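J.: I'd like to ask some things about the structure below.
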Amino acid sequence: MAGFSYFPHTDDDIRVMLERAGVRNLDGLYSDVPADFIYQGEYDLPDAMSEQQVRDFFEKLGEKNTKLKVFVGQGAYDHYVPAVIPYITSRSEFLTAYTPYQCEISQGTLRYIFEWQSMICRLTGLDVSNASMYDGPSAAAEALRMAVASTRKRNKVIVSTKLMQNVLDVVKTYLKYPDIEVVFAWDVLDELGPDVAGVLVPSICRHGVIQDLTGYAEKVHEAGALLIEYCDPSALAVLKTPAEWGADIAVGDAQTLGMPICYGGPYAGFIACKQDYMRKIPGRIVGQSVDASGKRCFVLTLQAREQHIRREKATSNICSNESLMALWATVYLSLMGPEGLRKVNELSCAGAHYLYDELLKTGRFEEAFPGRPFLKEFCLKPKVDVAVLQQKLLDAGFFAALELDGYVTFCVTEKRTKEEIDALVAVVKEVAL
Amino acid sequence: MSKINDELLYSESHEWVKVDGNIAIIGVSDFAQEEMGDITYVDVPAEGDSVTKGEDFGALESVKASSELYSPVSGEVVAVNEELEDKPELINEDPYGAWIIKVEMSDKGELESLLSAAAYAEIAK
Amino acid sequence: MKYYDKLIFELSRPGRIGYSLPDSFDAAKTDAATDEHFSAKRRCICGAAPQQLLRQSKLDLPEVSEVDVVRHYTNLSQMNFGVDTGFYPLGSCTMKYNPKINEEIANHPLFTGLHPLQPAETVKGAQEVIDGLDKALAAITGMKHFTFLPCAGAHGELTGLMLMREYHMARGDAARTKVIVPDSAHGTNPASAAVCGLEIVEVKSGADGLVDVESLKPLLGSDIAGIMMTNPNTLGLFERQIGEIAKLVHDCGGLLYYDGANMNPLLGKVRPGDMGFDIMQMNLHKTFSTPHGGGGPGSGPVGVGERVLPYLRIPQTSGFHGNFGVMLRAYAYILMLGKQNVKLAGPLAVLGANYIKESLKDCYKLPIPSVCKHEFVFDGLINDGAREGKAGATTLDVAKRLLDYGFHAPTIYFPLLFHQAIMIEPTETESLETLDEFIAVMRKIAAEAAEDPDILHGAPHNTPIGRPDETTAARNPILKA
């Protein structure tokens, strides 16, 4: 056979192995497969490439993409990624390990997940977190299911339409098939009733406005439901925490904690809750223990909630999560510390407000939500042709002014410099009024 | 060889019942706790919930397993052994002392289909 | 591996920093500071938002230097075992080698810098990756098209079951709410069905470990949405009656779902579409060599045949386009394989499994002796060394002893059909020498057990920690620092 670098078998090896297996040739290994099902055709795939050909192939594809200066958020934020993170996360002991089922040789994974859980609890102020979820939107859907499982005989949830569109879409999908009623509402408190299990609200709305949740927890709890807050974990360095607002569960996407935007993934969702709901939380959880000689160690725990033991009665079907991305966030938060994370927010906030002011000065926008506080993302009401505006910005290398609910949305992270903002504003000024 | 308390009634799913007037006190047998190993958590209903004979009302958990608890009678839960929340190991230590729930029975006739200690001894081997 | 007992929080010293950020937004230029429209007040969050919206409590994150971070996580990594460390015969997990060119491509800034909402004309290369991967997976599986939204295998199952329901609902057949799952199925199958609002009907395996067609027949009816199967099943056995099963299920109006977790032995040999499956998920992190990352990120694209194709875009199960970075890796792997090497992938994986099985069946109980596919299951030791006053060695003991000898353990106590299950899957990327070393160690462990099972009871001895107290961890959970 012709060699292939990922298959170590020589012809002699194959001969020896076939002999032990008791079959005459490789086809003999499929003697139990009905002949009709053995694929006889040629696979419609390209010819095998060398490594250099593969590299060139992707280089060419990469060049077909346009590298833009990103001034849009909407669930994916172009924050700075410190050099240390990819360096650590590409260590093959982390990268090529499986889920830490054999804890004696997985203490590395187990410890960083424990640190991640701890950091998520510290950011949100809540008691319990898990090893991570697929992404923020699916975490939100799981939190709503959790609310239904945690309250008795309640089968309805209320979801704020102030949430980002992809959160709404995923929640709607997840809850369509099981018997859970979902009400989408702008003013969620108006929809409370005795059959409501949970209420999902954002801490920053889709238009970028920081939400004042005063009184929400009281009203939701009075109705016997759980309050679930969707938040940006990076912003929790400066914004009131879910615990401080009285929320029972917090969810969101940890992409803002140092993960590249990477065309939408991989990111990591997080979920955290009050102690009371610990047994209802989905997915893997790491706990601290000791080994036989008394050494501190970490293990997967509370596994009886999970699919591999509980099967159809599990709290969720989630198995793989986004472990390596949780490491990504954990290393990021370790580097940033409380001051660094605060600074990321200050810089983003300053840049966003500068852009906001400069855009208004061009006379091509009006304020959409005058006087409402925002952090790094905001909306404006355009007075110009949006398609022309967007095209001009694209031509100049900017991804900005995404259309949303009749407004255009912008986002500024600490990565965007004043020069870039000034250049963007200069392009806007070229758009005819 | 697991122990069997002669004064109790049993279900085929290894719950025991002690009858006190209209109240059924429910736990799990020595055989059940031995099969489970170290119990780490007992999932129980709330007071006021209704239970149905043959349907699950909770679960026992160990590190690597979970086992549903099936109600041997129908009725309303009038008490839950809250001590088990912090000390699930009580079931391992004293399965016939560590009751799980008390149920006010809606149909005492259901008791007739339960097993005597002698009949249960045939199953719990 | 060396034991290292720090948490990052324990390295924290007030005032130490590990970040490098500009001092202020306009540090480079000073004119903005004097700009009347850019008031100093609004440059900080305290100015931008009222006090009642701000964090009240102190944020207790570690305060450490960059070198602290690098050393800490390097030390942690050295307590971990990966595919790059050694042989990882974890059944049903397909721990094949993760090629390094995949990593290089997935980390290319021309892909990592793309925003998911960028206009189509600016992401043509990314779209070509997705389209190319779609075409390749369709060729390999016999499906028509794939959706790449699911981020893992179980996520794919859920998405696939949603498609099953969409299909029935569109036909006005919404009463089909039961799904048949074999008793040997992965735990995610019934769990995914439950999350999708489907009721699970279990079908028993026969003595030969295969779905018993006679047991299946009475379950089929107008309430059946479909059946979920993995083929080969979790015992590593090919469900040879799949043709008949497909016909029966289709005749009753149901659909066939293929759990692609066990697709590796069929790679280059058998296509699920040809077996009659309508919907399937592919675990790119198993069959297509992307790294498991200690439990994700994975990617679980869902493919459909003609019947279900109209509904493919309906379920929106993740936020953007799925785990694009994982797709890049899988596509690179497929291009390396090409139409030539793909034909050998499955057969070589199957060869390795049968080689190990035949080499160890005199020491370990082999409940089903027929030719296996990518994996097989032993039911514990033939001689576990049990004697008067001494318990024999269990599967757990064997697994832990393997760690002492530098191998990862197989999957244990799954499938649930056997009490002492040891499920071994070698994959096609392991050499004959590696398999021989593993076989020699497994034989040595069997001999140790026969001589004195206590040698195994105390294992592992050479790892950073010994066996943990999992009972106390579950009774009194400590879940954060």
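Residue numbering restarts at 1 for every chain of the structure tokens, chains are lettered A, B, ... in their displayed order, and ligands are numbered from 1 as they appear.
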Could you list, as a PyMOL selection string, every residue within 10 Å of B:Glu83, counting only C-alpha atoms and ignoring same-chain residues fewer than 6 positions away?
T.: chain B and resi 90+98-100
J.: Quick one: write out the picked residues with C-alpha atoms as an mmCIF file, in the first residue's frame?
T.:
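Written file, part-v3.cif:
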data_model
loop_
_atom_site.group_PDB
_atom_site.id
_atom_site.type_symbol
_atom_site.label_atom_id
_atom_site.label_comp_id
_atom_site.auth_asym_id
_atom_site.auth_seq_id
_atom_site.Cartn_x
_atom_site.Cartn_y
_atom_site.Cartn_z
ATOM 1 C CA LEU B 90 -28.515 6.806 57.068
ATOM 2 C CA ALA B 98 -34.374 5.542 57.729
ATOM 3 C CA TRP B 99 -37.849 6.061 56.335
ATOM 4 C CA ILE B 100 -38.108 8.280 53.242
#
J.: Write out as a PDB file with N, CA and C atoms, in the first residue's frame each polymer residue whose atoms come within 7 Å of B:Tyr41, counting only C-alpha atoms; drop sequence neighbours fewer than 4 positions from it.
T.:
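See result25.pdb below for the written result:
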ATOM      1  N   LEU B  60     -32.794   7.298  44.405  1.00  0.00           N
ATOM      2  CA  LEU B  60     -31.572   7.195  45.193  1.00  0.00           C
ATOM      3  C   LEU B  60     -30.404   7.406  44.238  1.00  0.00           C
ATOM      4  N   GLU B  61     -29.394   8.120  44.708  1.00  0.00           N
ATOM      5  CA  GLU B  61     -28.217   8.307  43.877  1.00  0.00           C
ATOM      6  C   GLU B  61     -26.986   7.802  44.614  1.00  0.00           C
ATOM      7  N   SER B  62     -26.111   7.148  43.844  1.00  0.00           N
ATOM      8  CA  SER B  62     -24.766   6.871  44.352  1.00  0.00           C
ATOM      9  C   SER B  62     -23.808   7.548  43.384  1.00  0.00           C
ATOM     10  N   PRO B  88     -27.610  11.180  53.696  1.00  0.00           N
ATOM     11  CA  PRO B  88     -28.181  10.087  52.898  1.00  0.00           C
ATOM     12  C   PRO B  88     -27.634   8.731  53.332  1.00  0.00           C
TER      13      PRO B  88
ATOM     14  N   ARG C 475     -21.508  13.586  48.350  1.00  0.00           N
ATOM     15  CA  ARG C 475     -22.391  13.863  49.498  1.00  0.00           C
ATOM     16  C   ARG C 475     -22.257  15.298  49.969  1.00  0.00           C
TER      17      ARG C 475
END
J.: Would you give me, as JSON lines, each residue of chain A having an atom within 9 Å of an atom of chain B, along with its shortest atom pair and that distance in Å to one decimal, using only C-alpha atoms and sorting by chain and residue number?
T.:
{"residue": "A:Thr301", "atom": "CA", "partner": "B:Val63", "partner_atom": "CA", "distance": 7.4}
{"residue": "A:Leu302", "atom": "CA", "partner": "B:Val63", "partner_atom": "CA", "distance": 7.1}
{"residue": "A:Gln303", "atom": "CA", "partner": "B:Val63", "partner_atom": "CA", "distance": 6.7}
{"residue": "A:Ala304", "atom": "CA", "partner": "B:Ser66", "partner_atom": "CA", "distance": 5.6}
{"residue": "A:Arg305", "atom": "CA", "partner": "B:Ser66", "partner_atom": "CA", "distance": 8.3}
{"residue": "A:Ile309", "atom": "CA", "partner": "B:Ala65", "partner_atom": "CA", "distance": 5.9}
{"residue": "A:Arg310", "atom": "CA", "partner": "B:Ser66", "partner_atom": "CA", "distance": 6.4}
J.: I need the residues from that last selection saved to file as a JSON list (two decimals), in the first residue's frame (with N, CA and C atoms), if you can.
T.:
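What follows is the written file again12.json:
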[["chain", "number", "residue", "atom", "x", "y", "z"],
["A", 301, "THR", "N", -18.30, 15.17, 39.59],
["A", 301, "THR", "CA", -19.18, 14.79, 40.68],
["A", 301, "THR", "C", -20.64, 15.08, 40.34],
["A", 302, "LEU", "N", -21.54, 14.65, 41.24],
["A", 302, "LEU", "CA", -22.99, 14.77, 41.03],
["A", 302, "LEU", "C", -23.39, 14.19, 39.68],
["A", 303, "GLN", "N", -22.71, 13.11, 39.29],
["A", 303, "GLN", "CA", -22.92, 12.56, 37.94],
["A", 303, "GLN", "C", -24.28, 11.88, 37.77],
["A", 304, "ALA", "N", -24.95, 11.58, 38.88],
["A", 304, "ALA", "CA", -26.24, 10.89, 38.76],
["A", 304, "ALA", "C", -27.30, 11.77, 38.09],
["A", 305, "ARG", "N", -26.98, 13.07, 37.87],
["A", 305, "ARG", "CA", -27.90, 13.94, 37.11],
["A", 305, "ARG", "C", -27.78, 13.68, 35.61],
["A", 309, "ILE", "N", -25.77, 8.17, 33.14],
["A", 309, "ILE", "CA", -26.33, 7.39, 34.24],
["A", 309, "ILE", "C", -27.85, 7.46, 34.21],
["A", 310, "ARG", "N", -28.39, 8.66, 34.09],
["A", 310, "ARG", "CA", -29.83, 8.85, 34.25],
["A", 310, "ARG", "C", -30.60, 8.62, 32.94]]
J.: Which of stretch 206-242 of chain A counts as strand (DSSP E or B) under DSSP, as a PyMOL selection string please?
T.: chain A and resi 209-210+226-230+239
J.: Excluding same-chain residues fewer than 2 positions from A:Gly252, what lies within 6 Å of it counting only C-alpha atoms, as number ranges by chain?
T.: A: 136, 230-232, 269-270
J.: Grab the residues selected above and save them as a PDB file, in the first residue's frame with N, CA and C atoms.
T.:
ATOM      1  N   GLY A 136     -23.778  30.660  24.638  1.00  0.00           N
ATOM      2  CA  GLY A 136     -24.724  31.405  25.463  1.00  0.00           C
ATOM      3  C   GLY A 136     -26.176  31.105  25.140  1.00  0.00           C
ATOM      4  N   TYR A 230     -29.483  36.845  31.429  1.00  0.00           N
ATOM      5  CA  TYR A 230     -28.500  36.599  30.361  1.00  0.00           C
ATOM      6  C   TYR A 230     -27.494  37.731  30.404  1.00  0.00           C
ATOM      7  N   CYS A 231     -26.224  37.398  30.632  1.00  0.00           N
ATOM      8  CA  CYS A 231     -25.271  38.498  30.770  1.00  0.00           C
ATOM      9  C   CYS A 231     -23.953  38.245  30.055  1.00  0.00           C
ATOM     10  N   ASP A 232     -23.258  39.355  29.836  1.00  0.00           N
ATOM     11  CA  ASP A 232     -21.921  39.322  29.267  1.00  0.00           C
ATOM     12  C   ASP A 232     -20.946  39.221  30.440  1.00  0.00           C
ATOM     13  N   GLY A 269     -20.620  28.494  26.477  1.00  0.00           N
ATOM     14  CA  GLY A 269     -21.695  29.051  27.289  1.00  0.00           C
ATOM     15  C   GLY A 269     -21.362  28.818  28.759  1.00  0.00           C
ATOM     16  N   PHE A 270     -21.937  29.659  29.620  1.00  0.00           N
ATOM     17  CA  PHE A 270     -21.802  29.370  31.046  1.00  0.00           C
ATOM     18  C   PHE A 270     -23.186  29.372  31.678  1.00  0.00           C
TER      19      PHE A 270
END
J.: Considering only C-alpha atoms, state which residue in the set A:Leu236, A:Leu359, A:Ala401, A:Ala368 is at the smallest distance from chain C.
T.: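 Closest residue, counting only C-alpha atoms: A:Leu236.
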J.: So how far away is atom CA of C:Pro297 from atom CA of C:Phe324, in Å?
T.: 10.3 Å
J.: Running DSSP on the backbone, which parts of chain B land in helix (DSSP H, G or I), as a list in words?
T.: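 Residues meeting the helix (DSSP H, G or I) criterion: Asp30, Phe31, Ala32, Gln33, Glu34, Glu35, Met36, Glu83, Leu84, Glu85, Asp86, Glu89, Leu90, Ile91, Asn92, Glu93, Lys108, Gly109, Glu110, Leu111, Glu112, Ser113, Ala117, Ala118, Ala119, Tyr120, Ala121, Glu122 and Ile123 of chain B.
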J.: Please provide as a list of chain:residue names all residues within 7 Å of stretch 5-11 of chain B, with the sequence filter that same-chain residues fewer than 2 positions apart are discarded (counting only C-alpha atoms).
T.: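 So the residues in contact are B:Lys3, B:Ser13, B:His14, B:Glu15, B:Trp16, B:Val17, B:Lys18, B:Pro72, B:Leu114, B:Leu115, B:Ser116, B:Ala117, B:Tyr120.
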J.: For the residues in that selection, give me C-alpha atoms as an mmCIF file, in the first residue's frame.
T.:
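Printed below is again26.cif as written:
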data_model
loop_
_atom_site.group_PDB
_atom_site.id
_atom_site.type_symbol
_atom_site.label_atom_id
_atom_site.label_comp_id
_atom_site.auth_asym_id
_atom_site.auth_seq_id
_atom_site.Cartn_x
_atom_site.Cartn_y
_atom_site.Cartn_z
ATOM 1 C CA LYS B 3 -31.625 -8.478 56.371
ATOM 2 C CA SER B 13 -39.036 -2.912 43.471
ATOM 3 C CA HIS B 14 -37.524 -3.203 46.992
ATOM 4 C CA GLU B 15 -39.432 -0.535 48.894
ATOM 5 C CA TRP B 16 -40.800 -1.419 52.318
ATOM 6 C CA VAL B 17 -44.041 -0.179 53.886
ATOM 7 C CA LYS B 18 -44.943 0.147 57.514
ATOM 8 C CA PRO B 72 -45.956 0.957 46.822
ATOM 9 C CA LEU B 114 -47.674 -6.073 48.518
ATOM 10 C CA LEU B 115 -45.356 -8.884 49.538
ATOM 11 C CA SER B 116 -44.974 -10.384 52.987
ATOM 12 C CA ALA B 117 -41.486 -10.575 54.479
ATOM 13 C CA TYR B 120 -39.942 -10.782 49.652
#
